[in-house]
Each structure stands twice: as C-alpha cells, then as structure tokens.
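Trainee: Below is the file start-v3.pdb, which contains PDB, C-alpha atoms and all ligand atoms.
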```pdb
ATOM      1  CA  MET A   1      27.139  16.049 -10.660
ATOM      2  CA  GLU A   2      26.244  15.199 -14.229
ATOM      3  CA  ASP A   3      24.040  12.395 -12.921
ATOM      4  CA  ARG A   4      22.186  14.780 -10.571
ATOM      5  CA  ASN A   5      21.582  17.345 -13.334
ATOM      6  CA  GLU A   6      20.213  14.609 -15.514
ATOM      7  CA  GLN A   7      17.820  13.460 -12.769
ATOM      8  CA  GLU A   8      16.667  17.014 -12.064
ATOM      9  CA  SER A   9      16.106  17.740 -15.744
ATOM     10  CA  ASN A  10      13.592  14.918 -15.993
ATOM     11  CA  ASP A  11      10.756  17.208 -14.854
ATOM     12  CA  HIS A  12       8.729  16.181 -17.908
ATOM     13  CA  LEU A  13       8.233  12.785 -16.207
ATOM     14  CA  VAL A  14       6.113  14.359 -13.466
ATOM     15  CA  LEU A  15       4.626  17.493 -15.035
ATOM     16  CA  SER A  16       1.357  16.879 -16.856
ATOM     17  CA  ASP A  17      -2.084  18.480 -17.207
ATOM     18  CA  ASP A  18      -3.654  15.020 -17.154
ATOM     19  CA  PRO A  19      -5.261  14.358 -13.738
ATOM     20  CA  GLN A  20      -4.780  10.613 -14.408
ATOM     21  CA  HIS A  21      -0.991  11.011 -14.710
ATOM     22  CA  PRO A  22       0.620   9.119 -11.785
ATOM     23  CA  ALA A  23       2.426  12.240 -10.576
ATOM     24  CA  ASN A  24      -0.963  13.984 -10.268
ATOM     25  CA  LEU A  25      -2.858  10.931  -9.041
ATOM     26  CA  ILE A  26      -0.518  10.235  -6.090
ATOM     27  CA  PRO A  27      -1.020  13.701  -4.516
ATOM     28  CA  SER A  28      -4.762  13.529  -5.199
ATOM     29  CA  LEU A  29      -5.111  10.020  -3.698
ATOM     30  CA  CYS A  30      -3.020  10.992  -0.672
ATOM     31  CA  ARG A  31      -5.343  13.948  -0.016
ATOM     32  CA  GLN A  32      -8.341  11.591  -0.129
ATOM     33  CA  PHE A  33      -6.600   9.036   2.096
ATOM     34  CA  TYR A  34      -5.645  11.788   4.567
ATOM     35  CA  SER A  35      -9.317  12.729   4.937
ATOM     36  CA  LEU A  36     -10.069   9.066   5.756
ATOM     37  CA  GLY A  37      -7.373   9.068   8.464
ATOM     38  CA  TRP A  38      -5.256   6.604   6.504
ATOM     39  CA  VAL A  39      -2.096   8.694   5.965
ATOM     40  CA  THR A  40      -2.047  11.238   8.793
ATOM     41  CA  GLY A  41       1.111  12.281  10.636
ATOM     42  CA  THR A  42       3.263  11.477   7.546
ATOM     43  CA  GLY A  43       2.451   7.740   7.771
ATOM     44  CA  GLY A  44       1.368   5.596   4.848
ATOM     45  CA  GLY A  45       1.576   6.375   1.149
ATOM     46  CA  THR A  46       0.893   5.298  -2.403
ATOM     47  CA  SER A  47       2.952   4.277  -5.399
ATOM     48  CA  ILE A  48       1.945   3.759  -9.042
ATOM     49  CA  ARG A  49       3.590   1.860 -11.882
ATOM     50  CA  ARG A  50       3.056   3.069 -15.430
ATOM     51  CA  ASP A  51       4.897   1.066 -18.105
ATOM     52  CA  ASP A  52       8.582   1.017 -17.149
ATOM     53  CA  HIS A  53       8.310   3.840 -14.595
ATOM     54  CA  ILE A  54       7.477   3.678 -10.896
ATOM     55  CA  PHE A  55       6.234   6.881  -9.239
ATOM     56  CA  ILE A  56       7.106   7.222  -5.533
ATOM     57  CA  ALA A  57       6.183   9.868  -2.953
ATOM     58  CA  PRO A  58       8.812  11.457  -0.707
ATOM     59  CA  SER A  59       9.487  10.098   2.780
ATOM     60  CA  GLY A  60       8.536  11.711   6.085
ATOM     61  CA  VAL A  61       6.448  14.525   4.609
ATOM     62  CA  GLN A  62       2.808  15.492   5.161
ATOM     63  CA  LYS A  63       1.298  13.154   2.616
ATOM     64  CA  GLU A  64      -1.736  15.376   1.999
ATOM     65  CA  LEU A  65       0.527  18.233   0.856
ATOM     66  CA  ILE A  66       2.659  16.354  -1.700
ATOM     67  CA  LYS A  67       3.144  18.153  -5.023
ATOM     68  CA  SER A  68       3.698  16.517  -8.408
ATOM     69  CA  ASN A  69       7.210  17.940  -8.665
ATOM     70  CA  GLU A  70       8.149  16.183  -5.402
ATOM     71  CA  ILE A  71       7.524  12.732  -6.896
ATOM     72  CA  PHE A  72      10.457  10.361  -7.467
ATOM     73  CA  VAL A  73      10.608   8.248 -10.615
ATOM     74  CA  LEU A  74      12.292   4.864 -10.701
ATOM     75  CA  SER A  75      13.135   2.960 -13.820
ATOM     76  CA  TYR A  76      11.346  -0.410 -13.667
ATOM     77  CA  PRO A  77      12.419  -3.155 -13.173
ATOM     78  CA  THR A  78      14.978  -2.100 -10.581
ATOM     79  CA  PRO A  79      16.740  -3.961  -7.736
ATOM     80  CA  LYS A  80      14.871  -3.982  -4.404
ATOM     81  CA  TYR A  81      18.181  -4.059  -2.553
ATOM     82  CA  PRO A  82      20.390  -2.309  -1.724
ATOM     83  CA  PRO A  83      18.586   1.054  -1.924
ATOM     84  CA  SER A  84      21.655   2.555  -3.622
ATOM     85  CA  ALA A  85      21.233   0.094  -6.523
ATOM     86  CA  ARG A  86      17.758   1.369  -7.407
ATOM     87  CA  LYS A  87      17.710   3.262 -10.702
ATOM     88  CA  TYR A  88      16.108   6.665 -10.014
ATOM     89  CA  ILE A  89      15.630   8.716 -13.136
ATOM     90  CA  ARG A  90      14.124  11.616 -11.208
ATOM     91  CA  LYS A  91      15.181  12.506  -7.683
ATOM     92  CA  PRO A  92      13.862  15.784  -6.235
ATOM     93  CA  GLN A  93      16.572  17.529  -4.247
ATOM     94  CA  GLU A  94      16.385  17.683  -0.432
ATOM     95  CA  LEU A  95      13.902  14.817  -0.337
ATOM     96  CA  LYS A  96      14.224  11.069   0.263
ATOM     97  CA  PRO A  97      12.070   8.438  -1.439
ATOM     98  CA  SER A  98       9.479   6.651   0.699
ATOM     99  CA  ALA A  99      10.821   4.007   3.078
ATOM    100  CA  CYS A 100       8.002   1.833   1.696
ATOM    101  CA  THR A 101       9.716   1.666  -1.722
ATOM    102  CA  PRO A 102      10.937  -1.994  -1.510
ATOM    103  CA  LEU A 103       7.471  -3.069  -0.325
ATOM    104  CA  PHE A 104       5.815  -1.250  -3.213
ATOM    105  CA  LEU A 105       8.327  -2.927  -5.560
ATOM    106  CA  ALA A 106       7.346  -6.337  -4.147
ATOM    107  CA  ALA A 107       3.736  -5.631  -5.194
ATOM    108  CA  PHE A 108       4.799  -4.421  -8.658
ATOM    109  CA  ASP A 109       6.914  -7.572  -9.107
ATOM    110  CA  ARG A 110       3.637  -9.501  -8.645
ATOM    111  CA  GLY A 111       1.887  -7.605 -11.407
ATOM    112  CA  ALA A 112       0.289  -4.732  -9.460
ATOM    113  CA  LEU A 113       0.048  -1.277 -11.016
ATOM    114  CA  CYS A 114      -0.704   0.533  -7.749
ATOM    115  CA  CYS A 115       0.133  -0.163  -4.112
ATOM    116  CA  ILE A 116      -1.405   1.700  -1.171
ATOM    117  CA  HIS A 117      -0.024   1.661   2.377
ATOM    118  CA  THR A 118      -2.331   2.940   5.120
ATOM    119  CA  HIS A 119      -2.027   3.381   8.858
ATOM    120  CA  SER A 120      -5.806   3.047   9.213
ATOM    121  CA  GLN A 121      -6.786   2.486  12.819
ATOM    122  CA  TRP A 122      -9.360  -0.090  11.657
ATOM    123  CA  ALA A 123      -6.599  -2.122  10.019
ATOM    124  CA  VAL A 124      -4.419  -1.844  13.143
ATOM    125  CA  LEU A 125      -7.331  -2.857  15.387
ATOM    126  CA  ALA A 126      -8.097  -5.816  13.116
ATOM    127  CA  THR A 127      -4.529  -7.088  13.630
ATOM    128  CA  LEU A 128      -4.998  -6.797  17.396
ATOM    129  CA  LEU A 129      -8.372  -8.496  17.290
ATOM    130  CA  VAL A 130      -6.935 -11.589  15.621
ATOM    131  CA  GLU A 131      -4.080 -11.637  18.146
ATOM    132  CA  ARG A 132      -6.535 -11.468  21.043
ATOM    133  CA  GLU A 133      -9.060 -13.888  19.586
ATOM    134  CA  LYS A 134      -6.764 -16.588  18.392
ATOM    135  CA  GLY A 135      -3.562 -15.976  20.327
ATOM    136  CA  LYS A 136      -1.391 -16.417  17.258
ATOM    137  CA  ASP A 137      -0.295 -14.807  14.001
ATOM    138  CA  GLY A 138      -1.976 -15.873  10.885
ATOM    139  CA  CYS A 139      -4.663 -14.049   9.080
ATOM    140  CA  PHE A 140      -7.764 -11.961   9.438
ATOM    141  CA  GLU A 141     -10.786 -13.910   8.178
ATOM    142  CA  ILE A 142     -14.334 -12.812   7.462
ATOM    143  CA  SER A 143     -17.305 -14.229   5.548
ATOM    144  CA  ASN A 144     -21.025 -13.664   4.946
ATOM    145  CA  ILE A 145     -20.751  -9.894   4.555
ATOM    146  CA  GLU A 146     -21.811  -8.295   1.247
ATOM    147  CA  GLN A 147     -18.709  -6.050   0.972
ATOM    148  CA  ILE A 148     -16.501  -9.157   0.594
ATOM    149  CA  LYS A 149     -17.613  -9.063  -3.062
ATOM    150  CA  GLY A 150     -15.334  -6.015  -3.474
ATOM    151  CA  ILE A 151     -12.227  -8.205  -3.149
ATOM    152  CA  PRO A 152     -10.841 -10.442  -5.946
ATOM    153  CA  LYS A 153     -10.495 -14.215  -5.471
ATOM    154  CA  GLY A 154      -7.082 -13.936  -7.111
ATOM    155  CA  GLN A 155      -5.667 -12.706 -10.403
ATOM    156  CA  GLY A 156      -8.067 -13.590 -13.246
ATOM    157  CA  LYS A 157     -10.393 -15.507 -10.876
ATOM    158  CA  GLY A 158     -13.208 -12.976 -10.478
ATOM    159  CA  MET A 159     -14.451 -11.569  -7.202
ATOM    160  CA  LEU A 160     -15.145 -13.309  -3.888
ATOM    161  CA  GLY A 161     -18.762 -14.317  -3.316
ATOM    162  CA  TYR A 162     -20.956 -13.613  -0.311
ATOM    163  CA  HIS A 163     -20.331 -17.087   1.190
ATOM    164  CA  ASP A 164     -16.587 -17.129   0.453
ATOM    165  CA  THR A 165     -14.071 -16.478   3.206
ATOM    166  CA  LEU A 166     -11.777 -13.497   2.781
ATOM    167  CA  ARG A 167      -8.311 -14.132   4.253
ATOM    168  CA  ILE A 168      -5.733 -11.380   4.748
ATOM    169  CA  PRO A 169      -2.340 -12.524   6.116
ATOM    170  CA  ILE A 170      -0.809 -10.633   9.033
ATOM    171  CA  ILE A 171       2.942 -10.066   9.411
ATOM    172  CA  GLU A 172       4.736  -8.763  12.488
ATOM    173  CA  ASN A 173       5.959  -5.156  12.525
ATOM    174  CA  THR A 174       9.666  -4.249  12.437
ATOM    175  CA  ALA A 175      11.538  -1.207  13.709
ATOM    176  CA  PHE A 176      12.144   0.062  10.159
ATOM    177  CA  GLU A 177       9.600  -0.030   7.324
ATOM    178  CA  GLU A 178      12.129  -1.429   4.794
ATOM    179  CA  ASP A 179      12.727  -4.465   7.022
ATOM    180  CA  LEU A 180       9.140  -5.604   6.455
ATOM    181  CA  THR A 181       9.977  -6.536   2.855
ATOM    182  CA  GLY A 182      11.083 -10.153   3.491
ATOM    183  CA  SER A 183       8.023 -11.075   5.543
ATOM    184  CA  LEU A 184       5.704  -9.254   3.122
ATOM    185  CA  GLU A 185       7.140 -11.310   0.240
ATOM    186  CA  LYS A 186       6.835 -14.506   2.289
ATOM    187  CA  ALA A 187       3.155 -13.742   3.001
ATOM    188  CA  MET A 188       2.612 -13.014  -0.718
ATOM    189  CA  ASP A 189       4.120 -16.423  -1.558
ATOM    190  CA  GLU A 190       2.066 -18.239   1.092
ATOM    191  CA  TYR A 191      -1.144 -16.493   0.004
ATOM    192  CA  PRO A 192      -0.665 -16.188  -3.783
ATOM    193  CA  ASP A 193      -4.253 -14.965  -4.285
ATOM    194  CA  THR A 194      -4.085 -12.157  -1.745
ATOM    195  CA  TYR A 195      -4.160  -8.497  -2.728
ATOM    196  CA  ALA A 196      -3.295  -7.251   0.761
ATOM    197  CA  VAL A 197      -1.085  -7.922   3.768
ATOM    198  CA  LEU A 198      -1.780  -6.527   7.248
ATOM    199  CA  VAL A 199       1.131  -5.413   9.433
ATOM    200  CA  ARG A 200       0.488  -5.937  13.132
ATOM    201  CA  ARG A 201       0.262  -2.681  15.137
ATOM    202  CA  HIS A 202       1.150  -0.739  11.963
ATOM    203  CA  GLY A 203      -1.353  -0.851   9.085
ATOM    204  CA  ILE A 204      -1.843  -2.531   5.729
ATOM    205  CA  TYR A 205      -0.428  -2.820   2.210
ATOM    206  CA  VAL A 206      -3.084  -3.200  -0.521
ATOM    207  CA  TRP A 207      -2.345  -3.465  -4.229
ATOM    208  CA  GLY A 208      -4.394  -3.769  -7.383
ATOM    209  CA  ASP A 209      -4.296  -4.537 -11.089
ATOM    210  CA  THR A 210      -5.235  -0.872 -11.666
ATOM    211  CA  VAL A 211      -5.166   2.282  -9.548
ATOM    212  CA  ALA A 212      -8.970   2.237  -9.234
ATOM    213  CA  LYS A 213      -8.971  -1.414  -8.114
ATOM    214  CA  ALA A 214      -6.251  -0.814  -5.498
ATOM    215  CA  LYS A 215      -8.325   2.096  -4.127
ATOM    216  CA  THR A 216     -11.676   0.301  -4.046
ATOM    217  CA  GLN A 217     -10.130  -2.860  -2.568
ATOM    218  CA  CYS A 218      -8.523  -0.741   0.131
ATOM    219  CA  GLU A 219     -11.901   0.889   0.835
ATOM    220  CA  SER A 220     -13.707  -2.486   0.990
ATOM    221  CA  LEU A 221     -11.082  -3.908   3.332
ATOM    222  CA  ASP A 222     -11.228  -0.899   5.624
ATOM    223  CA  TYR A 223     -15.035  -1.215   5.731
ATOM    224  CA  LEU A 224     -14.702  -4.915   6.690
ATOM    225  CA  PHE A 225     -12.077  -4.200   9.374
ATOM    226  CA  GLN A 226     -14.282  -1.517  10.920
ATOM    227  CA  LEU A 227     -17.280  -3.832  10.795
ATOM    228  CA  ALA A 228     -15.339  -6.670  12.462
ATOM    229  CA  VAL A 229     -14.144  -4.355  15.242
ATOM    230  CA  GLU A 230     -17.652  -2.988  15.826
ATOM    231  CA  MET A 231     -19.169  -6.495  15.776
ATOM    232  CA  HIS A 232     -16.554  -7.629  18.276
ATOM    233  CA  LYS A 233     -17.421  -4.658  20.528
ATOM    234  CA  LEU A 234     -21.076  -5.728  20.370
ATOM    235  CA  GLY A 235     -20.096  -9.253  21.368
ATOM    236  CA  MET A 236     -20.935 -10.686  17.945
ATOM    237  CA  PRO A 237     -18.633 -13.122  16.190
ATOM    238  CA  TRP A 238     -17.612 -11.481  12.874
ATOM    239  CA  THR A 239     -16.742 -14.662  11.030
TER     240      THR A 239
HETATM  241  C1  LIG B 301       4.768   8.145  11.444
HETATM  242  S1  LIG B 301       5.120   7.374   9.952
HETATM  243  C2  LIG B 301       6.403   6.182  10.202
HETATM  244  C3  LIG B 301       6.907   5.599   8.893
HETATM  245  C4  LIG B 301       5.869   4.775   8.215
HETATM  246  O1  LIG B 301       5.390   3.775   8.782
HETATM  247  C5  LIG B 301       5.350   5.122   6.915
HETATM  248  O2  LIG B 301       4.486   4.435   6.396
HETATM  249  C6  LIG B 301       5.795   6.336   6.153
HETATM  250  O3  LIG B 301       6.909   6.084   5.397
HETATM  251  P1  LIG B 301       7.474   7.198   4.404
HETATM  252  O4  LIG B 301       8.940   6.919   4.303
HETATM  253  O5  LIG B 301       6.752   7.013   3.100
HETATM  254  O6  LIG B 301       7.181   8.552   4.969
HETATM  255 ZN    ZN B 302       3.923   2.628   7.530
END
```
Would you mind giving the structure from this file in structure tokens?
Mentor:
Amino acid sequence: MEDRNEQESNDHLVLSDDPQHPANLIPSLCRQFYSLGWVTGTGGGTSIRRDDHIFIAPSGVQKELIKSNEIFVLSYPTPKYPPSARKYIRKPQELKPSACTPLFLAAFDRGALCCIHTHSQWAVLATLLVEREKGKDGCFEISNIEQIKGIPKGQGKGMLGYHDTLRIPIIENTAFEEDLTGSLEKAMDEYPDTYAVLVRRHGIYVWGDTVAKAKTQCESLDYLFQLAVEMHKLGMPWT
C-alpha cells in the first residue's frame, strides 16, 4: 500500500508546462501518428527516455487520447524480464503499461532516446512484399531514392547516401507483443547499424538518438515503404 501511494504521489514526474517534456510529447506524438494511420485501433505507441527515466504510454487505450497523467515512469536501467521486476516509479491506477515496454527497453539499451512502434499499413505491406518477392525472411532493401538520405548509416556514421542500400531486417510476428523481444534483439545484433526492425504482418519499431530523429526516420521509412508498394503495383522493381 505504501509502495502504491509513493508511485501515485510522483505526479510531478509527468506534470509539466513544457511541451517538450516526455509526458507531454508522447500524447502529442501519438495524436500526430494517429492522423497518419500509424496508431489507430489502440495499436502502436511511443516511448521516450530522459536521463534515468523512461516514459511509457498505457496499454490497450486509444493512443490519440492519452493524457500526460496516464503516463507510466520507469526507473532506468531496469530489468526487461520478468515484467514484475521492472522498477516503476509512477504507475497510474487502473491502467497497464504498454505491452511494447520490453521492446522499447531493447532500443534504449542500444542508446536510443525515443522508440516508436507503428502499425502502418505501408510497413505491413512492405513485409509482405519481401515475402512474396523473395520467398524468405530477411530484410527490406531499397536504393537510389532521395529519401534514403533521411536514414543514418549507423551511430556516428552520418546519413545514407543516394546510392547506398537501406536494409531493414524483418522478424516474424508472435501471438503476444512481449514475445517479439528476443527476435528484435537478435535482429539488432545482426544489423548493428539499423535504427528500425519490421515485424511481419504487424508493423515496425523505429528508434532514434533523439525524439526528433526517431520521428523523422519513421516518416522517411514510411515514405519509402509506400513508394516500394506503389512501384511494385506499377510493375517497377523498387530496388
Ligand atoms: C490492436 S493493437 C494489438 C497490440 C499491439 O500490437 C500494440 O502495438 C499495442 O500495444 P499496447 O500494449 O501499447 O496497447
Ligand atoms: Zn503492435
């Protein structure tokens, strides 16, 4: 009981007049992502790390309606597993933290400060396109498109160039979001320069060194997925 009172009294961690405060940014980003069709029907989400705090949205709610006082705060670092071992320092009552939490933590453990999960139909279609085209898992590849320059080559390596090939690994979906964590981490290890992992028939996780970079990288990737799908429909090879 004492523990719960302590968690509830930590309102100061999420109440701020600063629009750049993570507890204000998450609701604002989710509203923008909803209008892009990325987080409709409660799917998808966003998490932000600031110093030793991780800000997490609630699970199973309309993401475009999230309020700052519904944001969970985790002390960072914190164990990924089991969920009960995670150190929440603010837990809004009657709500559960996002099922994407261990996946967000995997991105933060690799130095990200923001991780975005979308259910964008372009991302889902891109995973199906690779399956159909190549008949195997692997990765989505694209080159010779200007927007590729919006994606980093890797941490501290600058941005991809027009003639570079962008590669985004694809992992298979699981029945429960949390169970994606192992294969997401494996893909991150196999592609150490990647800032995104696609999830077949599900969506994508995109992270960035800052909130703005995670957002713009997510936008560039979505643009490229849509372009690849449209090029495929027109019978043009996209890579
Ligand atoms: C219709 S959404 C199914 C769950 C999901 O894939 C997702 O991204 C949302 O998870 P959360 O726990 O953050 O609501
Ligand atoms: Zn999801």
Trainee: With the file shown as input, list the residues that the PyMOL selection byres (((not hetatm)) within 6 of (chain B and resi 301)) selects, as a PyMOL selection string.
Mentor: chain A and resi 41-45+59-60+98-100+177
Trainee: List as JSON lines every residue of chain A that is in contact with ligand ZN 302 (chain B), defined as an atom at most 12 Å from one of its atoms (using all atoms listed in the file), together with the nearest atom pair and the distance in Å rounded to one decimal, sorted by chain and then rising number.
Mentor:
```
{"residue": "A:Trp38", "atom": "CA", "partner": "B:ZN302", "partner_atom": "ZN", "distance": 10.1}
{"residue": "A:Val39", "atom": "CA", "partner": "B:ZN302", "partner_atom": "ZN", "distance": 8.7}
{"residue": "A:Thr40", "atom": "CA", "partner": "B:ZN302", "partner_atom": "ZN", "distance": 10.6}
{"residue": "A:Gly41", "atom": "CA", "partner": "B:ZN302", "partner_atom": "ZN", "distance": 10.5}
{"residue": "A:Thr42", "atom": "CA", "partner": "B:ZN302", "partner_atom": "ZN", "distance": 8.9}
{"residue": "A:Gly43", "atom": "CA", "partner": "B:ZN302", "partner_atom": "ZN", "distance": 5.3}
{"residue": "A:Gly44", "atom": "CA", "partner": "B:ZN302", "partner_atom": "ZN", "distance": 4.7}
{"residue": "A:Gly45", "atom": "CA", "partner": "B:ZN302", "partner_atom": "ZN", "distance": 7.8}
{"residue": "A:Thr46", "atom": "CA", "partner": "B:ZN302", "partner_atom": "ZN", "distance": 10.7}
{"residue": "A:Ser59", "atom": "CA", "partner": "B:ZN302", "partner_atom": "ZN", "distance": 10.5}
{"residue": "A:Gly60", "atom": "CA", "partner": "B:ZN302", "partner_atom": "ZN", "distance": 10.3}
{"residue": "A:Lys63", "atom": "CA", "partner": "B:ZN302", "partner_atom": "ZN", "distance": 11.9}
{"residue": "A:Ser98", "atom": "CA", "partner": "B:ZN302", "partner_atom": "ZN", "distance": 9.7}
{"residue": "A:Ala99", "atom": "CA", "partner": "B:ZN302", "partner_atom": "ZN", "distance": 8.3}
{"residue": "A:Cys100", "atom": "CA", "partner": "B:ZN302", "partner_atom": "ZN", "distance": 7.2}
{"residue": "A:Thr101", "atom": "CA", "partner": "B:ZN302", "partner_atom": "ZN", "distance": 11.0}
{"residue": "A:Leu103", "atom": "CA", "partner": "B:ZN302", "partner_atom": "ZN", "distance": 10.3}
{"residue": "A:Phe104", "atom": "CA", "partner": "B:ZN302", "partner_atom": "ZN", "distance": 11.6}
{"residue": "A:Ile116", "atom": "CA", "partner": "B:ZN302", "partner_atom": "ZN", "distance": 10.2}
{"residue": "A:His117", "atom": "CA", "partner": "B:ZN302", "partner_atom": "ZN", "distance": 6.6}
{"residue": "A:Thr118", "atom": "CA", "partner": "B:ZN302", "partner_atom": "ZN", "distance": 6.7}
{"residue": "A:His119", "atom": "CA", "partner": "B:ZN302", "partner_atom": "ZN", "distance": 6.1}
{"residue": "A:Ser120", "atom": "CA", "partner": "B:ZN302", "partner_atom": "ZN", "distance": 9.9}
{"residue": "A:Gln121", "atom": "CA", "partner": "B:ZN302", "partner_atom": "ZN", "distance": 11.9}
{"residue": "A:Ala123", "atom": "CA", "partner": "B:ZN302", "partner_atom": "ZN", "distance": 11.8}
{"residue": "A:Val124", "atom": "CA", "partner": "B:ZN302", "partner_atom": "ZN", "distance": 11.0}
{"residue": "A:Asn173", "atom": "CA", "partner": "B:ZN302", "partner_atom": "ZN", "distance": 9.5}
{"residue": "A:Thr174", "atom": "CA", "partner": "B:ZN302", "partner_atom": "ZN", "distance": 10.2}
{"residue": "A:Ala175", "atom": "CA", "partner": "B:ZN302", "partner_atom": "ZN", "distance": 10.5}
{"residue": "A:Phe176", "atom": "CA", "partner": "B:ZN302", "partner_atom": "ZN", "distance": 9.0}
{"residue": "A:Glu177", "atom": "CA", "partner": "B:ZN302", "partner_atom": "ZN", "distance": 6.3}
{"residue": "A:Glu178", "atom": "CA", "partner": "B:ZN302", "partner_atom": "ZN", "distance": 9.6}
{"residue": "A:Asp179", "atom": "CA", "partner": "B:ZN302", "partner_atom": "ZN", "distance": 11.3}
{"residue": "A:Leu180", "atom": "CA", "partner": "B:ZN302", "partner_atom": "ZN", "distance": 9.8}
{"residue": "A:Thr181", "atom": "CA", "partner": "B:ZN302", "partner_atom": "ZN", "distance": 11.9}
{"residue": "A:Leu198", "atom": "CA", "partner": "B:ZN302", "partner_atom": "ZN", "distance": 10.8}
{"residue": "A:Val199", "atom": "CA", "partner": "B:ZN302", "partner_atom": "ZN", "distance": 8.7}
{"residue": "A:Arg200", "atom": "CA", "partner": "B:ZN302", "partner_atom": "ZN", "distance": 10.8}
{"residue": "A:Arg201", "atom": "CA", "partner": "B:ZN302", "partner_atom": "ZN", "distance": 10.0}
{"residue": "A:His202", "atom": "CA", "partner": "B:ZN302", "partner_atom": "ZN", "distance": 6.2}
{"residue": "A:Gly203", "atom": "CA", "partner": "B:ZN302", "partner_atom": "ZN", "distance": 6.5}
{"residue": "A:Ile204", "atom": "CA", "partner": "B:ZN302", "partner_atom": "ZN", "distance": 7.9}
{"residue": "A:Tyr205", "atom": "CA", "partner": "B:ZN302", "partner_atom": "ZN", "distance": 8.8}
```
Trainee: Using the chain letters and numbering of this document, enumerate as a PDB file with C-alpha atoms, in the coordinates of the input the residues selected by the PyMOL selection byres (((chain A and resi 168) around 7) and not hetatm).
Mentor:
```pdb
ATOM      1  CA  CYS A 139      -4.663 -14.049   9.080  1.00  0.00           C
ATOM      2  CA  PHE A 140      -7.764 -11.961   9.438  1.00  0.00           C
ATOM      3  CA  GLU A 141     -10.786 -13.910   8.178  1.00  0.00           C
ATOM      4  CA  LEU A 166     -11.777 -13.497   2.781  1.00  0.00           C
ATOM      5  CA  ARG A 167      -8.311 -14.132   4.253  1.00  0.00           C
ATOM      6  CA  PRO A 169      -2.340 -12.524   6.116  1.00  0.00           C
ATOM      7  CA  ILE A 170      -0.809 -10.633   9.033  1.00  0.00           C
ATOM      8  CA  THR A 194      -4.085 -12.157  -1.745  1.00  0.00           C
ATOM      9  CA  ALA A 196      -3.295  -7.251   0.761  1.00  0.00           C
ATOM     10  CA  VAL A 197      -1.085  -7.922   3.768  1.00  0.00           C
ATOM     11  CA  LEU A 198      -1.780  -6.527   7.248  1.00  0.00           C
TER      12      LEU A 198
END
```
Trainee: Give one line per residue of segment 112-192 of chain A that approaches segment 207-225 of chain A to at most 6 Å, naming the two atoms of the closest pair and their distance in Å to one decimal, counting all atoms listed in the file; sort by chain then ascending residue number and deliver it as JSON lines.
Mentor:
```
{"residue": "A:Ala112", "atom": "CA", "partner": "A:Asp209", "partner_atom": "CA", "distance": 4.9}
{"residue": "A:Leu113", "atom": "CA", "partner": "A:Thr210", "partner_atom": "CA", "distance": 5.3}
{"residue": "A:Cys114", "atom": "CA", "partner": "A:Val211", "partner_atom": "CA", "distance": 5.1}
{"residue": "A:Cys115", "atom": "CA", "partner": "A:Trp207", "partner_atom": "CA", "distance": 4.1}
{"residue": "A:Trp122", "atom": "CA", "partner": "A:Phe225", "partner_atom": "CA", "distance": 5.4}
{"residue": "A:Ala123", "atom": "CA", "partner": "A:Phe225", "partner_atom": "CA", "distance": 5.9}
{"residue": "A:Ala126", "atom": "CA", "partner": "A:Phe225", "partner_atom": "CA", "distance": 5.7}
{"residue": "A:Gly150", "atom": "CA", "partner": "A:Ser220", "partner_atom": "CA", "distance": 5.9}
{"residue": "A:Ile151", "atom": "CA", "partner": "A:Gln217", "partner_atom": "CA", "distance": 5.8}
```
Trainee: Out of A:Met159, A:Val206, A:Ile56, A:Ile48, which residue has the shortest atom-to-atom distance to His21 of chain A when counting only C-alpha atoms?
Mentor: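 Of A:Met159, A:Val206, A:Ile56, A:Ile48, the one nearest His21 of chain A, counting only C-alpha atoms, is A:Ile48.
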Trainee: Report, in Å with one decimal, the straight-line distance from atom CA of Gln93 of chain A to atom CA of Ser9 of chain A.
Mentor: 11.5 Å
Trainee: Please write as a ChimeraX atom specification the list of polymer residues whose atoms come within 9 Å of (-16.0, -9.9, 1.7), counting all atoms listed in the file and keeping to the coordinates of the file.
Mentor: /A:142-151,160-166,220-221,224
Trainee: Report, as lines of an AutoDock Vina configuration file, the axis-aligned box around all atoms of segment 103-107 of chain A present in the file, extended by 6 Å on each side; give centre and edge lengths in Å to one decimal place.
Mentor:
```
center_x = 6.0
center_y = -3.8
center_z = -2.9
size_x = 16.6
size_y = 17.1
size_z = 17.2
```
Trainee: Could you tell me how far atom CA of Leu36 of chain A lies from atom CA of Trp238 of chain A, in Å and to one decimal?
Mentor: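 Distance between the two atoms: 23.0 Å.
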Trainee: Compile the contact shell of Pro237 of chain A as JSON, numbers by chain: residues with an atom at most 10 Å away, counting only C-alpha atoms, same-chain residues fewer than 5 positions apart removed.
Mentor: {"A": [142, 228, 229, 231, 232]}
Trainee: Which one of A:Asp189, A:Asp51, A:Asp109, A:Asp18 sits closest to Lys80 of chain A if you count only C-alpha atoms?
Mentor: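 For Lys80 of chain A, the nearest of the candidates is A:Asp109.
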Trainee: Find the residue from A:Leu105, A:Asn69, A:Leu25, A:Arg31 that sits nearest to His12 of chain A; use all atoms listed in the file when measuring.
Mentor: A:Asn69
Trainee: Looking at all atoms listed in the file, which of A:Lys91, A:Ser47, A:Asp52, A:Lys67 is the one that sits closest to Asn10 of chain A?
Mentor: A:Lys91
Trainee: Which distance in Å separates atom CA of Ile54 of chain A and atom CA of Ala106 of chain A, to one decimal?
Mentor: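 For atom CA of Ile54 of chain A relative to atom CA of Ala106 of chain A, the distance reads 12.1 Å.
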Trainee: For Phe72 of chain A, list every protein, DNA or RNA residue within 7 Å, evaluated using only C-alpha atoms, and leave out those in the same chain fewer than 3 positions away; present the list as a VMD selection string.
Mentor: chain A and resid 55 to 57 90 to 92 97
